[in-house]
Structure formats: C-alpha cells, structure tokens
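Okay, query-v1.cif is below, mmCIF, N, CA and C atoms:
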data_protein
#
loop_
_atom_site.label_atom_id
_atom_site.label_comp_id
_atom_site.auth_asym_id
_atom_site.auth_seq_id
_atom_site.Cartn_x
_atom_site.Cartn_y
_atom_site.Cartn_z
N SER A 197 10.71 -2.77 7.98
CA SER A 197 9.85 -2.78 9.14
C SER A 197 10.33 -3.83 10.14
N ASP A 198 10.08 -3.60 11.39
CA ASP A 198 10.50 -4.54 12.43
C ASP A 198 9.88 -5.92 12.27
N ILE A 199 8.66 -5.97 11.76
CA ILE A 199 8.01 -7.27 11.62
C ILE A 199 8.77 -8.17 10.66
N TYR A 200 9.26 -7.61 9.57
CA TYR A 200 9.99 -8.41 8.58
C TYR A 200 11.37 -8.80 9.10
N LEU A 201 11.99 -7.92 9.85
CA LEU A 201 13.28 -8.26 10.46
C LEU A 201 13.12 -9.40 11.46
N ALA A 202 12.05 -9.35 12.24
CA ALA A 202 11.80 -10.41 13.22
C ALA A 202 11.53 -11.75 12.53
N LEU A 203 10.78 -11.72 11.44
CA LEU A 203 10.51 -12.95 10.70
C LEU A 203 11.78 -13.51 10.06
N ARG A 204 12.54 -12.65 9.43
CA ARG A 204 13.75 -13.10 8.74
C ARG A 204 14.82 -13.59 9.70
N SER A 205 14.88 -13.02 10.88
CA SER A 205 15.92 -13.40 11.84
C SER A 205 15.52 -14.60 12.69
N GLY A 206 14.27 -15.05 12.56
CA GLY A 206 13.81 -16.17 13.35
C GLY A 206 13.27 -15.79 14.72
N GLN A 207 13.19 -14.49 15.01
CA GLN A 207 12.63 -14.04 16.29
C GLN A 207 11.12 -14.22 16.34
N ALA A 208 10.50 -14.35 15.16
CA ALA A 208 9.05 -14.56 15.09
C ALA A 208 8.76 -15.58 14.00
N ASP A 209 7.71 -16.35 14.21
CA ASP A 209 7.27 -17.32 13.23
C ASP A 209 6.13 -16.80 12.37
N ILE A 210 5.43 -15.81 12.88
CA ILE A 210 4.27 -15.26 12.19
C ILE A 210 4.16 -13.78 12.53
N GLY A 211 3.63 -13.02 11.61
CA GLY A 211 3.43 -11.60 11.86
C GLY A 211 2.11 -11.16 11.26
N VAL A 212 1.58 -10.08 11.76
CA VAL A 212 0.34 -9.52 11.25
C VAL A 212 0.64 -8.10 10.79
N THR A 213 0.31 -7.83 9.55
CA THR A 213 0.55 -6.51 8.99
C THR A 213 -0.49 -6.24 7.92
N GLY A 214 -0.50 -5.05 7.40
CA GLY A 214 -1.44 -4.71 6.34
C GLY A 214 -1.10 -5.42 5.04
N MET A 215 -2.14 -5.71 4.27
CA MET A 215 -1.94 -6.39 2.99
C MET A 215 -1.10 -5.55 2.03
N SER A 216 -1.27 -4.24 2.07
CA SER A 216 -0.50 -3.40 1.17
C SER A 216 0.98 -3.47 1.50
N ALA A 217 1.32 -3.44 2.79
CA ALA A 217 2.72 -3.52 3.20
C ALA A 217 3.30 -4.89 2.88
N ALA A 218 2.55 -5.94 3.15
CA ALA A 218 3.04 -7.29 2.87
C ALA A 218 3.20 -7.52 1.37
N GLY A 219 2.22 -7.09 0.60
CA GLY A 219 2.31 -7.24 -0.85
C GLY A 219 3.49 -6.49 -1.42
N HIS A 220 3.70 -5.27 -0.96
CA HIS A 220 4.84 -4.49 -1.44
C HIS A 220 6.15 -5.16 -1.06
N TYR A 221 6.26 -5.65 0.15
CA TYR A 221 7.48 -6.31 0.62
C TYR A 221 7.79 -7.52 -0.25
N ILE A 222 6.80 -8.35 -0.50
CA ILE A 222 7.01 -9.56 -1.31
C ILE A 222 7.32 -9.19 -2.75
N ASN A 223 6.58 -8.22 -3.31
CA ASN A 223 6.79 -7.82 -4.70
C ASN A 223 8.10 -7.09 -4.92
N SER A 224 8.76 -6.71 -3.83
CA SER A 224 10.06 -6.05 -3.93
C SER A 224 11.22 -7.05 -3.93
N GLY A 225 10.89 -8.34 -4.11
CA GLY A 225 11.92 -9.35 -4.22
C GLY A 225 12.19 -10.14 -2.95
N ASN A 226 11.33 -10.01 -1.98
CA ASN A 226 11.52 -10.72 -0.71
C ASN A 226 10.62 -11.96 -0.68
N ALA A 227 11.01 -12.96 -1.46
CA ALA A 227 10.19 -14.16 -1.60
C ALA A 227 10.30 -15.09 -0.39
N ASP A 228 11.11 -14.74 0.59
CA ASP A 228 11.25 -15.60 1.77
C ASP A 228 10.09 -15.45 2.75
N ILE A 229 9.20 -14.50 2.49
CA ILE A 229 8.03 -14.28 3.32
C ILE A 229 6.81 -14.60 2.46
N ARG A 230 5.79 -15.24 3.04
CA ARG A 230 4.58 -15.50 2.27
C ARG A 230 3.36 -15.09 3.07
N ILE A 231 2.30 -14.80 2.35
CA ILE A 231 1.04 -14.43 2.98
C ILE A 231 0.26 -15.72 3.21
N ALA A 232 -0.13 -15.95 4.44
CA ALA A 232 -0.91 -17.14 4.79
C ALA A 232 -2.33 -16.69 5.08
N GLY A 233 -3.29 -17.28 4.42
CA GLY A 233 -4.68 -16.91 4.64
C GLY A 233 -5.05 -15.70 3.82
N GLU A 234 -6.18 -15.15 4.13
CA GLU A 234 -6.70 -14.00 3.40
C GLU A 234 -6.75 -12.79 4.32
N GLY A 235 -6.56 -11.64 3.74
CA GLY A 235 -6.69 -10.42 4.51
C GLY A 235 -8.15 -10.15 4.84
N VAL A 236 -8.35 -9.28 5.77
CA VAL A 236 -9.72 -8.95 6.15
C VAL A 236 -10.32 -7.90 5.24
N GLY A 237 -9.54 -7.35 4.34
CA GLY A 237 -10.05 -6.37 3.40
C GLY A 237 -9.15 -5.16 3.33
N LEU A 238 -9.38 -4.39 2.30
CA LEU A 238 -8.61 -3.17 2.12
C LEU A 238 -9.25 -2.05 2.93
N SER A 239 -8.43 -1.18 3.43
CA SER A 239 -8.95 -0.04 4.18
C SER A 239 -8.54 1.24 3.47
N ALA A 240 -9.37 2.22 3.59
CA ALA A 240 -9.10 3.50 2.95
C ALA A 240 -7.88 4.16 3.60
N GLN A 241 -7.12 4.83 2.80
CA GLN A 241 -5.97 5.58 3.28
C GLN A 241 -6.20 7.05 2.98
N GLY A 242 -5.51 7.90 3.64
CA GLY A 242 -5.71 9.32 3.42
C GLY A 242 -4.40 10.08 3.39
N ILE A 243 -4.47 11.29 2.92
CA ILE A 243 -3.32 12.19 2.90
C ILE A 243 -3.73 13.42 3.72
N VAL A 244 -2.88 13.81 4.64
CA VAL A 244 -3.19 14.94 5.51
C VAL A 244 -2.46 16.17 4.98
N PHE A 245 -3.18 17.28 4.93
CA PHE A 245 -2.61 18.55 4.50
C PHE A 245 -2.75 19.57 5.61
N ARG A 246 -1.77 20.43 5.69
CA ARG A 246 -1.83 21.54 6.66
C ARG A 246 -2.99 22.45 6.28
N LYS A 247 -3.67 23.01 7.27
CA LYS A 247 -4.76 23.94 7.01
C LYS A 247 -4.27 25.04 6.07
N GLY A 248 -5.12 25.38 5.11
CA GLY A 248 -4.78 26.44 4.17
C GLY A 248 -3.97 25.98 2.98
N SER A 249 -3.68 24.68 2.88
CA SER A 249 -2.88 24.16 1.76
C SER A 249 -3.79 23.77 0.59
N ASN A 250 -4.69 24.66 0.26
CA ASN A 250 -5.69 24.35 -0.77
C ASN A 250 -5.07 24.10 -2.14
N GLU A 251 -4.05 24.86 -2.50
CA GLU A 251 -3.41 24.65 -3.80
C GLU A 251 -2.71 23.30 -3.87
N LEU A 252 -2.01 22.94 -2.81
CA LEU A 252 -1.34 21.64 -2.77
C LEU A 252 -2.36 20.51 -2.82
N ARG A 253 -3.43 20.65 -2.04
CA ARG A 253 -4.47 19.62 -2.04
C ARG A 253 -5.10 19.46 -3.42
N ALA A 254 -5.36 20.56 -4.08
CA ALA A 254 -5.94 20.51 -5.42
C ALA A 254 -4.98 19.84 -6.40
N ALA A 255 -3.69 20.11 -6.27
CA ALA A 255 -2.69 19.49 -7.16
C ALA A 255 -2.62 17.98 -6.93
N VAL A 256 -2.63 17.56 -5.68
CA VAL A 256 -2.58 16.13 -5.37
C VAL A 256 -3.86 15.46 -5.86
N ASP A 257 -5.00 16.08 -5.63
CA ASP A 257 -6.27 15.53 -6.12
C ASP A 257 -6.24 15.37 -7.64
N ALA A 258 -5.67 16.35 -8.34
CA ALA A 258 -5.60 16.29 -9.80
C ALA A 258 -4.71 15.14 -10.28
N VAL A 259 -3.59 14.93 -9.60
CA VAL A 259 -2.69 13.84 -9.97
C VAL A 259 -3.37 12.49 -9.75
N ILE A 260 -4.05 12.34 -8.63
CA ILE A 260 -4.76 11.09 -8.35
C ILE A 260 -5.86 10.86 -9.38
N ALA A 261 -6.64 11.89 -9.69
CA ALA A 261 -7.72 11.77 -10.67
C ALA A 261 -7.17 11.40 -12.05
N ALA A 262 -6.06 12.02 -12.44
CA ALA A 262 -5.46 11.71 -13.75
C ALA A 262 -4.96 10.26 -13.78
N GLY A 263 -4.35 9.81 -12.69
CA GLY A 263 -3.87 8.43 -12.62
C GLY A 263 -4.99 7.42 -12.68
N LYS A 264 -6.12 7.75 -12.07
CA LYS A 264 -7.28 6.86 -12.15
C LYS A 264 -7.85 6.85 -13.57
N ALA A 265 -7.88 8.02 -14.20
CA ALA A 265 -8.45 8.13 -15.55
C ALA A 265 -7.63 7.38 -16.60
N ASP A 266 -6.31 7.42 -16.48
CA ASP A 266 -5.47 6.78 -17.51
C ASP A 266 -5.00 5.37 -17.16
N GLY A 267 -5.43 4.85 -15.99
CA GLY A 267 -5.10 3.48 -15.61
C GLY A 267 -3.81 3.34 -14.81
N THR A 268 -3.08 4.43 -14.63
CA THR A 268 -1.82 4.37 -13.88
C THR A 268 -2.06 3.95 -12.43
N TYR A 269 -3.08 4.50 -11.81
CA TYR A 269 -3.40 4.19 -10.41
C TYR A 269 -3.64 2.69 -10.24
N GLN A 270 -4.47 2.13 -11.12
CA GLN A 270 -4.78 0.70 -11.05
C GLN A 270 -3.53 -0.15 -11.27
N ALA A 271 -2.70 0.23 -12.24
CA ALA A 271 -1.48 -0.52 -12.52
C ALA A 271 -0.51 -0.49 -11.34
N LEU A 272 -0.34 0.68 -10.74
CA LEU A 272 0.55 0.79 -9.58
C LEU A 272 0.00 0.02 -8.38
N PHE A 273 -1.29 0.10 -8.18
CA PHE A 273 -1.92 -0.61 -7.07
C PHE A 273 -1.70 -2.11 -7.23
N ARG A 274 -1.98 -2.63 -8.43
CA ARG A 274 -1.83 -4.06 -8.68
C ARG A 274 -0.37 -4.48 -8.54
N ARG A 275 0.55 -3.70 -9.09
CA ARG A 275 1.98 -4.05 -9.03
C ARG A 275 2.50 -4.05 -7.60
N ASN A 276 2.11 -3.07 -6.82
CA ASN A 276 2.68 -2.91 -5.48
C ASN A 276 1.91 -3.63 -4.38
N ILE A 277 0.62 -3.85 -4.58
CA ILE A 277 -0.18 -4.47 -3.53
C ILE A 277 -0.64 -5.86 -3.94
N GLY A 278 -0.74 -6.11 -5.23
CA GLY A 278 -1.05 -7.46 -5.70
C GLY A 278 -2.52 -7.74 -5.95
N VAL A 279 -3.36 -6.74 -5.78
CA VAL A 279 -4.79 -6.89 -6.06
C VAL A 279 -5.27 -5.62 -6.77
N ASP A 280 -6.48 -5.70 -7.34
CA ASP A 280 -7.05 -4.52 -7.97
C ASP A 280 -7.42 -3.48 -6.91
N ALA A 281 -7.31 -2.23 -7.28
CA ALA A 281 -7.71 -1.14 -6.40
C ALA A 281 -9.22 -1.20 -6.20
N PRO A 282 -9.69 -0.92 -4.99
CA PRO A 282 -11.14 -0.93 -4.77
C PRO A 282 -11.81 0.24 -5.51
N ALA A 283 -13.07 0.06 -5.81
CA ALA A 283 -13.83 1.14 -6.46
C ALA A 283 -13.99 2.30 -5.48
N ASP A 284 -14.09 3.49 -6.01
CA ASP A 284 -14.33 4.66 -5.17
C ASP A 284 -15.68 4.53 -4.48
N PRO A 285 -15.74 4.98 -3.23
CA PRO A 285 -17.04 4.91 -2.52
C PRO A 285 -18.06 5.83 -3.10
#

Rendering of file as structure tokens:
Amino acid sequence: SDIYLALRSGQADIGVTGMSAAGHYINSGNADIRIAGEGVGLSAQGIVFRKGSNELRAAVDAVIAAGKADGTYQALFRRNIGVDAPADP
C-alpha cells in the first residue's frame, strides 16, 4: 500500500489506516512500522456477489460458518489482525 511505502521511504512520519491492514502488515514481518495508540474499533466487512449468484453465496456462507464453528475463523483473525474476532451481531 502507498501508506507503508511513504512511511518506509521517509515521505511520511505517520499514517492512518485500518487496524486489519496495519496488523496484517506488521504480522507479515514488517516490524519497522508500529501501531501508536488504539484503533477506534473494528468495522464490519462484506462480500459482494453478482445478482443471481445464489449458489456461490451459499457456498461462501457455508465456508464462513464452518470456519467459525471449528475455530479456524478466530485463529486466522487473531493471526492476521492481532485481536479476537468480534462476536456476530
């Protein structure tokens, strides 16, 4: 992302980005960047499907549900973002 390039090259001293992106960047071995302060919170994300893609949507929903049921979703969220996944609304 441009924000990380600007920080690493010295073009910027501070950047604002989502916690998920920052956590993933740092957890991917980029220890030269640190999170200062606390995020304002997690925001819901979504997946967009073309109209009529009911089978694809059902398959994606099933994969997400299975990952939540067996703990994979929580493990991936914690590994890549650095915090526990929020509870479903």

Write out as a PDB file with N, CA and C atoms, in the frame of the given file the residues lying within 7 Å of region 271-278 of chain A, counting all atoms listed in the file and excluding same-chain residues fewer than 3 positions away.
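Dumped to part-v4.pdb:
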ATOM      1  N   MET A 215      -2.140  -5.710   4.270  1.00  0.00           N
ATOM      2  CA  MET A 215      -1.940  -6.390   2.990  1.00  0.00           C
ATOM      3  C   MET A 215      -1.100  -5.550   2.030  1.00  0.00           C
ATOM      4  N   SER A 216      -1.270  -4.240   2.070  1.00  0.00           N
ATOM      5  CA  SER A 216      -0.500  -3.400   1.170  1.00  0.00           C
ATOM      6  C   SER A 216       0.980  -3.470   1.500  1.00  0.00           C
ATOM      7  N   ALA A 217       1.320  -3.440   2.790  1.00  0.00           N
ATOM      8  CA  ALA A 217       2.720  -3.520   3.200  1.00  0.00           C
ATOM      9  C   ALA A 217       3.300  -4.890   2.880  1.00  0.00           C
ATOM     10  N   ALA A 218       2.550  -5.940   3.150  1.00  0.00           N
ATOM     11  CA  ALA A 218       3.040  -7.290   2.870  1.00  0.00           C
ATOM     12  C   ALA A 218       3.200  -7.520   1.370  1.00  0.00           C
ATOM     13  N   GLY A 219       2.220  -7.090   0.600  1.00  0.00           N
ATOM     14  CA  GLY A 219       2.310  -7.240  -0.850  1.00  0.00           C
ATOM     15  C   GLY A 219       3.490  -6.490  -1.420  1.00  0.00           C
ATOM     16  N   HIS A 220       3.700  -5.270  -0.960  1.00  0.00           N
ATOM     17  CA  HIS A 220       4.840  -4.490  -1.440  1.00  0.00           C
ATOM     18  C   HIS A 220       6.150  -5.160  -1.060  1.00  0.00           C
ATOM     19  N   TYR A 221       6.260  -5.650   0.150  1.00  0.00           N
ATOM     20  CA  TYR A 221       7.480  -6.310   0.620  1.00  0.00           C
ATOM     21  C   TYR A 221       7.790  -7.520  -0.250  1.00  0.00           C
ATOM     22  N   ASN A 223       6.580  -8.220  -3.310  1.00  0.00           N
ATOM     23  CA  ASN A 223       6.790  -7.820  -4.700  1.00  0.00           C
ATOM     24  C   ASN A 223       8.100  -7.090  -4.920  1.00  0.00           C
ATOM     25  N   GLY A 267      -5.430   4.850 -15.990  1.00  0.00           N
ATOM     26  CA  GLY A 267      -5.100   3.480 -15.610  1.00  0.00           C
ATOM     27  C   GLY A 267      -3.810   3.340 -14.810  1.00  0.00           C
ATOM     28  N   THR A 268      -3.080   4.430 -14.630  1.00  0.00           N
ATOM     29  CA  THR A 268      -1.820   4.370 -13.880  1.00  0.00           C
ATOM     30  C   THR A 268      -2.060   3.950 -12.430  1.00  0.00           C
ATOM     31  N   ALA A 281      -7.310  -2.230  -7.280  1.00  0.00           N
ATOM     32  CA  ALA A 281      -7.710  -1.140  -6.400  1.00  0.00           C
ATOM     33  C   ALA A 281      -9.220  -1.200  -6.200  1.00  0.00           C
TER      34      ALA A 281
END

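Among the candidates A:Leu203, A:Ala254, A:Ala261, A:Ile243, the one nearest to Arg230 (chain A) when counting only C-alpha atoms is A:Leu203.
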
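Nearest-residue note for Gly233 (chain A): choosing from A:Tyr200, A:Val256, A:Val212, A:Ser205, the minimum distance belongs to A:Val212, counting only C-alpha atoms.
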
Adding 6 Å on each side of the box along x, y and z that holds all listed atoms of region 250-262 of chain A, could you give its centre and edge lengths in Å to one decimal, as lines of an AutoDock Vina configuration file?
center_x = -4.5
center_y = 17.6
center_z = -6.8
size_x = 18.4
size_y = 26.6
size_z = 26.0

(request) Identify, with DSSP run on backbone atoms, the residues in chain A assigned to helix (DSSP H, G or I), and express the list as an NGL selection string. (result) :A and (198-205 or 215-223 or 250-266 or 268-277)

The selected residues should be written to file as a tab-separated table (two decimals), in the frame of the given file (atoms: N, CA and C atoms).
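Saved the output as result_31.tsv:
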chain	number	residue	atom	x	y	z
A	198	ASP	N	10.08	-3.60	11.39
A	198	ASP	CA	10.50	-4.54	12.43
A	198	ASP	C	9.88	-5.92	12.27
A	199	ILE	N	8.66	-5.97	11.76
A	199	ILE	CA	8.01	-7.27	11.62
A	199	ILE	C	8.77	-8.17	10.66
A	200	TYR	N	9.26	-7.61	9.57
A	200	TYR	CA	9.99	-8.41	8.58
A	200	TYR	C	11.37	-8.80	9.10
A	201	LEU	N	11.99	-7.92	9.85
A	201	LEU	CA	13.28	-8.26	10.46
A	201	LEU	C	13.12	-9.40	11.46
A	202	ALA	N	12.05	-9.35	12.24
A	202	ALA	CA	11.80	-10.41	13.22
A	202	ALA	C	11.53	-11.75	12.53
A	203	LEU	N	10.78	-11.72	11.44
A	203	LEU	CA	10.51	-12.95	10.70
A	203	LEU	C	11.78	-13.51	10.06
A	204	ARG	N	12.54	-12.65	9.43
A	204	ARG	CA	13.75	-13.10	8.74
A	204	ARG	C	14.82	-13.59	9.70
A	205	SER	N	14.88	-13.02	10.88
A	205	SER	CA	15.92	-13.40	11.84
A	205	SER	C	15.52	-14.60	12.69
A	215	MET	N	-2.14	-5.71	4.27
A	215	MET	CA	-1.94	-6.39	2.99
A	215	MET	C	-1.10	-5.55	2.03
A	216	SER	N	-1.27	-4.24	2.07
A	216	SER	CA	-0.50	-3.40	1.17
A	216	SER	C	0.98	-3.47	1.50
A	217	ALA	N	1.32	-3.44	2.79
A	217	ALA	CA	2.72	-3.52	3.20
A	217	ALA	C	3.30	-4.89	2.88
A	218	ALA	N	2.55	-5.94	3.15
A	218	ALA	CA	3.04	-7.29	2.87
A	218	ALA	C	3.20	-7.52	1.37
A	219	GLY	N	2.22	-7.09	0.60
A	219	GLY	CA	2.31	-7.24	-0.85
A	219	GLY	C	3.49	-6.49	-1.42
A	220	HIS	N	3.70	-5.27	-0.96
A	220	HIS	CA	4.84	-4.49	-1.44
A	220	HIS	C	6.15	-5.16	-1.06
A	221	TYR	N	6.26	-5.65	0.15
A	221	TYR	CA	7.48	-6.31	0.62
A	221	TYR	C	7.79	-7.52	-0.25
A	222	ILE	N	6.80	-8.35	-0.50
A	222	ILE	CA	7.01	-9.56	-1.31
A	222	ILE	C	7.32	-9.19	-2.75
A	223	ASN	N	6.58	-8.22	-3.31
A	223	ASN	CA	6.79	-7.82	-4.70
A	223	ASN	C	8.10	-7.09	-4.92
A	250	ASN	N	-4.69	24.66	0.26
A	250	ASN	CA	-5.69	24.35	-0.77
A	250	ASN	C	-5.07	24.10	-2.14
A	251	GLU	N	-4.05	24.86	-2.50
A	251	GLU	CA	-3.41	24.65	-3.80
A	251	GLU	C	-2.71	23.30	-3.87
A	252	LEU	N	-2.01	22.94	-2.81
A	252	LEU	CA	-1.34	21.64	-2.77
A	252	LEU	C	-2.36	20.51	-2.82
A	253	ARG	N	-3.43	20.65	-2.04
A	253	ARG	CA	-4.47	19.62	-2.04
A	253	ARG	C	-5.10	19.46	-3.42
A	254	ALA	N	-5.36	20.56	-4.08
A	254	ALA	CA	-5.94	20.51	-5.42
A	254	ALA	C	-4.98	19.84	-6.40
A	255	ALA	N	-3.69	20.11	-6.27
A	255	ALA	CA	-2.69	19.49	-7.16
A	255	ALA	C	-2.62	17.98	-6.93
A	256	VAL	N	-2.63	17.56	-5.68
A	256	VAL	CA	-2.58	16.13	-5.37
A	256	VAL	C	-3.86	15.46	-5.86
A	257	ASP	N	-5.00	16.08	-5.63
A	257	ASP	CA	-6.27	15.53	-6.12
A	257	ASP	C	-6.24	15.37	-7.64
A	258	ALA	N	-5.67	16.35	-8.34
A	258	ALA	CA	-5.60	16.29	-9.80
A	258	ALA	C	-4.71	15.14	-10.28
A	259	VAL	N	-3.59	14.93	-9.60
A	259	VAL	CA	-2.69	13.84	-9.97
A	259	VAL	C	-3.37	12.49	-9.75
A	260	ILE	N	-4.05	12.34	-8.63
A	260	ILE	CA	-4.76	11.09	-8.35
A	260	ILE	C	-5.86	10.86	-9.38
A	261	ALA	N	-6.64	11.89	-9.69
A	261	ALA	CA	-7.72	11.77	-10.67
A	261	ALA	C	-7.17	11.40	-12.05
A	262	ALA	N	-6.06	12.02	-12.44
A	262	ALA	CA	-5.46	11.71	-13.75
A	262	ALA	C	-4.96	10.26	-13.78
A	263	GLY	N	-4.35	9.81	-12.69
A	263	GLY	CA	-3.87	8.43	-12.62
A	263	GLY	C	-4.99	7.42	-12.68
A	264	LYS	N	-6.12	7.75	-12.07
A	264	LYS	CA	-7.28	6.86	-12.15
A	264	LYS	C	-7.85	6.85	-13.57
A	265	ALA	N	-7.88	8.02	-14.20
A	265	ALA	CA	-8.45	8.13	-15.55
A	265	ALA	C	-7.63	7.38	-16.60
A	266	ASP	N	-6.31	7.42	-16.48
A	266	ASP	CA	-5.47	6.78	-17.51
A	266	ASP	C	-5.00	5.37	-17.16
A	268	THR	N	-3.08	4.43	-14.63
A	268	THR	CA	-1.82	4.37	-13.88
A	268	THR	C	-2.06	3.95	-12.43
A	269	TYR	N	-3.08	4.50	-11.81
A	269	TYR	CA	-3.40	4.19	-10.41
A	269	TYR	C	-3.64	2.69	-10.24
A	270	GLN	N	-4.47	2.13	-11.12
A	270	GLN	CA	-4.78	0.70	-11.05
A	270	GLN	C	-3.53	-0.15	-11.27
A	271	ALA	N	-2.70	0.23	-12.24
A	271	ALA	CA	-1.48	-0.52	-12.52
A	271	ALA	C	-0.51	-0.49	-11.34
A	272	LEU	N	-0.34	0.68	-10.74
A	272	LEU	CA	0.55	0.79	-9.58
A	272	LEU	C	0.00	0.02	-8.38
A	273	PHE	N	-1.29	0.10	-8.18
A	273	PHE	CA	-1.92	-0.61	-7.07
A	273	PHE	C	-1.70	-2.11	-7.23
A	274	ARG	N	-1.98	-2.63	-8.43
A	274	ARG	CA	-1.83	-4.06	-8.68
A	274	ARG	C	-0.37	-4.48	-8.54
A	275	ARG	N	0.55	-3.70	-9.09
A	275	ARG	CA	1.98	-4.05	-9.03
A	275	ARG	C	2.50	-4.05	-7.60
A	276	ASN	N	2.11	-3.07	-6.82
A	276	ASN	CA	2.68	-2.91	-5.48
A	276	ASN	C	1.91	-3.63	-4.38
A	277	ILE	N	0.62	-3.85	-4.58
A	277	ILE	CA	-0.18	-4.47	-3.53
A	277	ILE	C	-0.64	-5.86	-3.94

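For the pair CA of Ile260 (chain A) and CA of Gly248 (chain A), the separation is 19.8 Å.
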